[in-house]
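Peer 1: Dumping the structure here so I can ask a few things about it.
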Amino acid sequence: MAEKDVSLSKKTIFLLVLLCLFVVYILRPSKRTSIIDVEGIVPISESELITDDHGFTNDLIPDNEPTFEQKLSEPSTQISSTDAVAKHSTTAPISTSENTDLPEQSESDTNSNSQKNDLYLNPPTQEWIDTQFEKALSDLGLHYNAVNKWSVCGMKTYYFPKINTIFTGTPKTGCSNWIEALLRAEGDLKKDLDPTKIKKVHGAISNRHRIPKMLYQYDDATFRRAFSFAVVRNPWTRMVSGYRDKLSDEETQGGAKRSIGVKIVSEMRGVDIDSVKTNHLYPTFAEYAEWLVKHRGNVNVHFSPQNETLCIPHAKYDMIIPLEYSGPLGPEVLKRIHADNASVLGSYDKTSDPRLAKSALYAKQWLSELKPDLVEELYRIYRTDFTLLNYSNFTHPDFPLPLHI
């Protein structure tokens, strides 16, 4: 009888051990990562999330329908929590009394884990830029004309006959500073211009240089002998700059588009326009982003995709300048137009590192606060602009630079 009790005891212990192992297996932590979702942190398996070198993600969706939800395992540099940043959040409009400067950040604080970050500070070659533009056009099923046809360009493309130069000024790419430099080189502008009055260069003084208004004097044969250039910018920082300059209550050197801001608030909050004006209401960045998605970017030229303003594929520019490299590349153009003493750096280049520019820091903060689905829709609208220069996502350590190494 004793031997039978011992046998039963061994069997009981064995079964208990098996049960414990089963419980441990069931309760083991799964190997998973996470992304931000509306309700908080939502688990997503590593096999479902593939991140490329740009900081974008591709969750096995075909190439013609890319996606890039925010990846927490590679967080972007965040701005310190201060009143100035709080006023710039996605849930509150900007306060003009507290937004003039962001907290100082050293280069070592940004991108400390990036081994390539200093390499990206060197501008890409024009050959690389040309190849990238051709790739962007190819993605759209387009190719450059065999012969440049500048006569079909829109009102944002200018011709300056004395210096024989064509320039396309896409809004929010530093175009005001460039137009000023071109007007001086042309001899149309001689007096010093107050930086706060820079928008005056878009008036009658430059209006007559718009190509559609020059067609009665010049033809494509003349235009083809001209030096041509344009400036492009990372779509995220351009979008943020458009909001700060045109829609918020922040005081900037540009001219506000108050009527558009009023319309956004009225449309997105369901408030009548008179109430918006009376109560001095301004759209939040989140409302602005939702408004862009609602209208698919088909809004004012300051917010529409850059490729729609550029004169491509009708004509190929001699030089394309990424705004992020205005410092090293700007003088080359100024020399070509005989305006060596001019400066076109503007407020964007007050810091030598474009990654520390205000719009870049704000973009990282504000875009990370948006719902992933909203960010995804915004990317789809501006996808071609990203492809133009292989621009980095706001989660990439070298944002907002083109990834050209």
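In the structure tokens, chains take letters A, B, ... by order of appearance, with residues numbered from 1 within each chain and ligands from 1 in the order shown.
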Can you tell me, as a PyMOL selection string, what residues are no more than 12 Å from A:Leu189 when counting only C-alpha atoms, ignoring any on the same chain fewer than 3 positions away?
Peer 2: chain A and resi 179-186+192-193+200-201+204-206
Peer 1: Keeping only all heavy atoms, write the selected residues to a file as a short mmCIF file (atom, residue, chain, number, x, y, z; two decimals), in the first residue's frame.
Peer 2:
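The file below, selection-v5.cif, is the result:
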data_model
loop_
_atom_site.label_atom_id
_atom_site.label_comp_id
_atom_site.auth_asym_id
_atom_site.auth_seq_id
_atom_site.Cartn_x
_atom_site.Cartn_y
_atom_site.Cartn_z
N ILE A 179 13.41 86.39 -54.56
CA ILE A 179 12.86 87.40 -55.47
C ILE A 179 13.49 88.76 -55.18
O ILE A 179 13.81 89.52 -56.10
CB ILE A 179 11.32 87.47 -55.35
CG1 ILE A 179 10.71 86.17 -55.90
CG2 ILE A 179 10.77 88.66 -56.10
CD1 ILE A 179 9.22 86.06 -55.71
N GLU A 180 13.70 89.06 -53.91
CA GLU A 180 14.36 90.32 -53.55
C GLU A 180 15.76 90.38 -54.17
O GLU A 180 16.16 91.39 -54.76
CB GLU A 180 14.45 90.49 -52.04
CG GLU A 180 15.14 91.78 -51.63
CD GLU A 180 15.41 91.88 -50.14
OE1 GLU A 180 15.08 90.95 -49.40
OE2 GLU A 180 15.98 92.91 -49.73
N ALA A 181 16.52 89.28 -54.03
CA ALA A 181 17.87 89.24 -54.57
C ALA A 181 17.86 89.39 -56.10
O ALA A 181 18.69 90.09 -56.68
CB ALA A 181 18.56 87.93 -54.18
N LEU A 182 16.90 88.74 -56.74
CA LEU A 182 16.79 88.83 -58.20
C LEU A 182 16.40 90.23 -58.65
O LEU A 182 16.92 90.73 -59.66
CB LEU A 182 15.75 87.80 -58.69
CG LEU A 182 16.21 86.34 -58.60
CD1 LEU A 182 15.01 85.40 -58.68
CD2 LEU A 182 17.21 86.03 -59.71
N LEU A 183 15.51 90.87 -57.93
CA LEU A 183 15.10 92.24 -58.26
C LEU A 183 16.28 93.20 -58.13
O LEU A 183 16.44 94.13 -58.92
CB LEU A 183 13.95 92.69 -57.36
CG LEU A 183 12.58 92.04 -57.64
CD1 LEU A 183 11.59 92.41 -56.54
CD2 LEU A 183 12.04 92.48 -59.00
N ARG A 184 17.12 92.99 -57.12
CA ARG A 184 18.29 93.84 -56.94
C ARG A 184 19.29 93.62 -58.08
O ARG A 184 19.86 94.56 -58.62
CB ARG A 184 18.95 93.56 -55.59
CG ARG A 184 18.13 94.02 -54.40
CD ARG A 184 18.92 93.95 -53.10
NE ARG A 184 18.09 94.31 -51.96
CZ ARG A 184 17.75 95.55 -51.64
NH1 ARG A 184 18.18 96.56 -52.38
NH2 ARG A 184 16.99 95.79 -50.59
N ALA A 185 19.49 92.34 -58.42
CA ALA A 185 20.41 92.04 -59.51
C ALA A 185 19.91 92.60 -60.84
O ALA A 185 20.70 93.04 -61.68
CB ALA A 185 20.60 90.52 -59.62
N GLU A 186 18.59 92.60 -61.00
CA GLU A 186 17.97 93.13 -62.21
C GLU A 186 18.02 94.65 -62.26
O GLU A 186 17.87 95.27 -63.32
CB GLU A 186 16.52 92.65 -62.29
CG GLU A 186 15.77 93.02 -63.54
CD GLU A 186 16.14 92.20 -64.76
OE1 GLU A 186 17.00 91.29 -64.62
OE2 GLU A 186 15.59 92.43 -65.85
N ASP A 192 17.13 99.81 -49.45
CA ASP A 192 17.11 98.73 -48.47
C ASP A 192 15.66 98.42 -48.11
O ASP A 192 14.82 99.32 -47.98
CB ASP A 192 17.88 99.13 -47.21
CG ASP A 192 19.37 99.23 -47.46
OD1 ASP A 192 19.84 98.56 -48.40
OD2 ASP A 192 20.05 99.96 -46.73
N LEU A 193 15.38 97.14 -47.93
CA LEU A 193 14.02 96.70 -47.64
C LEU A 193 13.94 96.19 -46.21
O LEU A 193 14.74 95.33 -45.79
CB LEU A 193 13.61 95.59 -48.61
CG LEU A 193 12.14 95.20 -48.64
CD1 LEU A 193 11.28 96.38 -49.10
CD2 LEU A 193 11.93 94.01 -49.58
N LYS A 200 6.41 92.78 -49.72
CA LYS A 200 6.24 93.80 -50.75
C LYS A 200 6.87 93.40 -52.09
O LYS A 200 6.48 93.90 -53.14
CB LYS A 200 6.83 95.14 -50.28
CG LYS A 200 5.99 95.84 -49.23
CD LYS A 200 6.54 97.23 -48.94
CE LYS A 200 5.62 98.00 -47.98
NZ LYS A 200 6.12 99.37 -47.72
N VAL A 201 7.83 92.47 -52.04
CA VAL A 201 8.48 92.05 -53.28
C VAL A 201 7.53 91.27 -54.18
O VAL A 201 7.83 91.01 -55.35
CB VAL A 201 9.75 91.21 -53.01
CG1 VAL A 201 10.73 91.99 -52.18
CG2 VAL A 201 9.40 89.88 -52.36
N ALA A 204 3.69 94.87 -57.42
CA ALA A 204 3.85 95.29 -58.82
C ALA A 204 5.29 95.20 -59.29
O ALA A 204 5.55 94.94 -60.47
CB ALA A 204 3.33 96.72 -58.97
N ILE A 205 6.24 95.39 -58.37
CA ILE A 205 7.65 95.42 -58.77
C ILE A 205 8.11 94.09 -59.37
O ILE A 205 8.97 94.05 -60.25
CB ILE A 205 8.54 95.82 -57.55
CG1 ILE A 205 9.96 96.10 -58.02
CG2 ILE A 205 8.53 94.74 -56.49
CD1 ILE A 205 10.84 96.69 -56.93
N SER A 206 7.54 92.99 -58.91
CA SER A 206 7.92 91.68 -59.45
C SER A 206 6.83 91.10 -60.36
O SER A 206 7.11 90.18 -61.14
CB SER A 206 8.20 90.69 -58.32
OG SER A 206 7.02 90.43 -57.57
#
Peer 1: Would you pick out the contacts of A:Asn234 at 10 Å or less, using only C-alpha atoms, so that residues sharing its chain but fewer than 5 positions from it are not included, and give the list as a list in words?
Peer 2: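 Here the qualifying residues turn out to be Thr173, Met239, Gln306, Pro322, Leu323, Glu324, Ala360, Tyr382, Asp385, Phe386, Thr387, Leu388, Leu389, Asn390, Tyr391, Ser392, Asn393, Phe394, Phe399, Pro400, Leu401 and Pro402 of chain A.
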Peer 1: Expressed in Å to a single decimal, how great is the separation between atom CA of A:Ser352 and atom CA of A:Leu119?
Peer 2: 14.2 Å
Peer 1: Smallest atom-to-atom distance to A:Asp219: which of A:Ser241, A:Ser266, A:Asn148, A:Ser304, using only C-alpha atoms?
Peer 2: A:Asn148
Peer 1: Tell me which protein, DNA and RNA residues are within 9 Å of A:Ala363, counting only C-alpha atoms, leaving out same-chain ones fewer than 4 positions away, and put them as a list of chain:residue names.
Peer 2: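 Non-adjacent residues within range: A:Trp236, A:Thr237, A:Met239, A:Val240, A:Ser241, A:Lys358, A:Ser359, A:Leu367, A:Ser368, A:Phe394.
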Peer 1: Once DSSP has gone over the backbone, tell me which residues of stretch 161-266 of chain A are in strand (DSSP E or B), as a ChimeraX atom specification.
Peer 2: /A:165-168,210,227-232
Peer 1: Mind dumping the selected residues with N, CA, C and O atoms as a PDB file, in the first residue's frame?
Peer 2:
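This is the output file again29.pdb:
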ATOM      1  N   THR A 165      17.632  85.256 -66.343  1.00  0.00           N
ATOM      2  CA  THR A 165      17.424  84.222 -65.320  1.00  0.00           C
ATOM      3  C   THR A 165      15.943  83.902 -65.147  1.00  0.00           C
ATOM      4  O   THR A 165      15.108  84.807 -65.109  1.00  0.00           O
ATOM      5  N   ILE A 166      15.647  82.626 -65.041  1.00  0.00           N
ATOM      6  CA  ILE A 166      14.293  82.143 -64.757  1.00  0.00           C
ATOM      7  C   ILE A 166      14.283  81.547 -63.362  1.00  0.00           C
ATOM      8  O   ILE A 166      15.185  80.791 -62.983  1.00  0.00           O
ATOM      9  N   PHE A 167      13.266  81.906 -62.602  1.00  0.00           N
ATOM     10  CA  PHE A 167      13.148  81.412 -61.219  1.00  0.00           C
ATOM     11  C   PHE A 167      11.703  81.055 -60.924  1.00  0.00           C
ATOM     12  O   PHE A 167      10.788  81.819 -61.216  1.00  0.00           O
ATOM     13  N   THR A 168      11.498  79.868 -60.361  1.00  0.00           N
ATOM     14  CA  THR A 168      10.169  79.483 -59.887  1.00  0.00           C
ATOM     15  C   THR A 168      10.147  79.624 -58.378  1.00  0.00           C
ATOM     16  O   THR A 168      10.920  78.963 -57.672  1.00  0.00           O
ATOM     17  N   ARG A 210       6.558  87.968 -64.159  1.00  0.00           N
ATOM     18  CA  ARG A 210       5.952  86.638 -64.230  1.00  0.00           C
ATOM     19  C   ARG A 210       5.886  86.210 -65.689  1.00  0.00           C
ATOM     20  O   ARG A 210       5.452  86.982 -66.551  1.00  0.00           O
ATOM     21  N   PHE A 227      19.453  81.099 -67.630  1.00  0.00           N
ATOM     22  CA  PHE A 227      19.801  80.248 -66.495  1.00  0.00           C
ATOM     23  C   PHE A 227      18.534  80.069 -65.658  1.00  0.00           C
ATOM     24  O   PHE A 227      17.825  81.039 -65.374  1.00  0.00           O
ATOM     25  N   SER A 228      18.231  78.854 -65.263  1.00  0.00           N
ATOM     26  CA  SER A 228      16.993  78.598 -64.523  1.00  0.00           C
ATOM     27  C   SER A 228      17.267  77.866 -63.212  1.00  0.00           C
ATOM     28  O   SER A 228      18.161  77.011 -63.146  1.00  0.00           O
ATOM     29  N   PHE A 229      16.507  78.211 -62.185  1.00  0.00           N
ATOM     30  CA  PHE A 229      16.663  77.506 -60.910  1.00  0.00           C
ATOM     31  C   PHE A 229      15.366  77.588 -60.098  1.00  0.00           C
ATOM     32  O   PHE A 229      14.468  78.390 -60.378  1.00  0.00           O
ATOM     33  N   ALA A 230      15.284  76.727 -59.099  1.00  0.00           N
ATOM     34  CA  ALA A 230      14.134  76.704 -58.189  1.00  0.00           C
ATOM     35  C   ALA A 230      14.613  76.179 -56.846  1.00  0.00           C
ATOM     36  O   ALA A 230      15.712  75.619 -56.731  1.00  0.00           O
ATOM     37  N   VAL A 231      13.799  76.371 -55.825  1.00  0.00           N
ATOM     38  CA  VAL A 231      14.124  75.911 -54.471  1.00  0.00           C
ATOM     39  C   VAL A 231      13.004  74.991 -53.996  1.00  0.00           C
ATOM     40  O   VAL A 231      11.827  75.259 -54.237  1.00  0.00           O
ATOM     41  N   VAL A 232      13.383  73.888 -53.348  1.00  0.00           N
ATOM     42  CA  VAL A 232      12.395  72.971 -52.778  1.00  0.00           C
ATOM     43  C   VAL A 232      12.713  72.752 -51.307  1.00  0.00           C
ATOM     44  O   VAL A 232      13.801  73.101 -50.839  1.00  0.00           O
TER      45      VAL A 232
END
Peer 1: Quick one: of A:Asp353, A:Glu267, A:Glu308, A:Glu250, who's nearest to A:Ser326, counting only C-alpha atoms?
Peer 2: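 The closest residue to A:Ser326 is A:Asp353.
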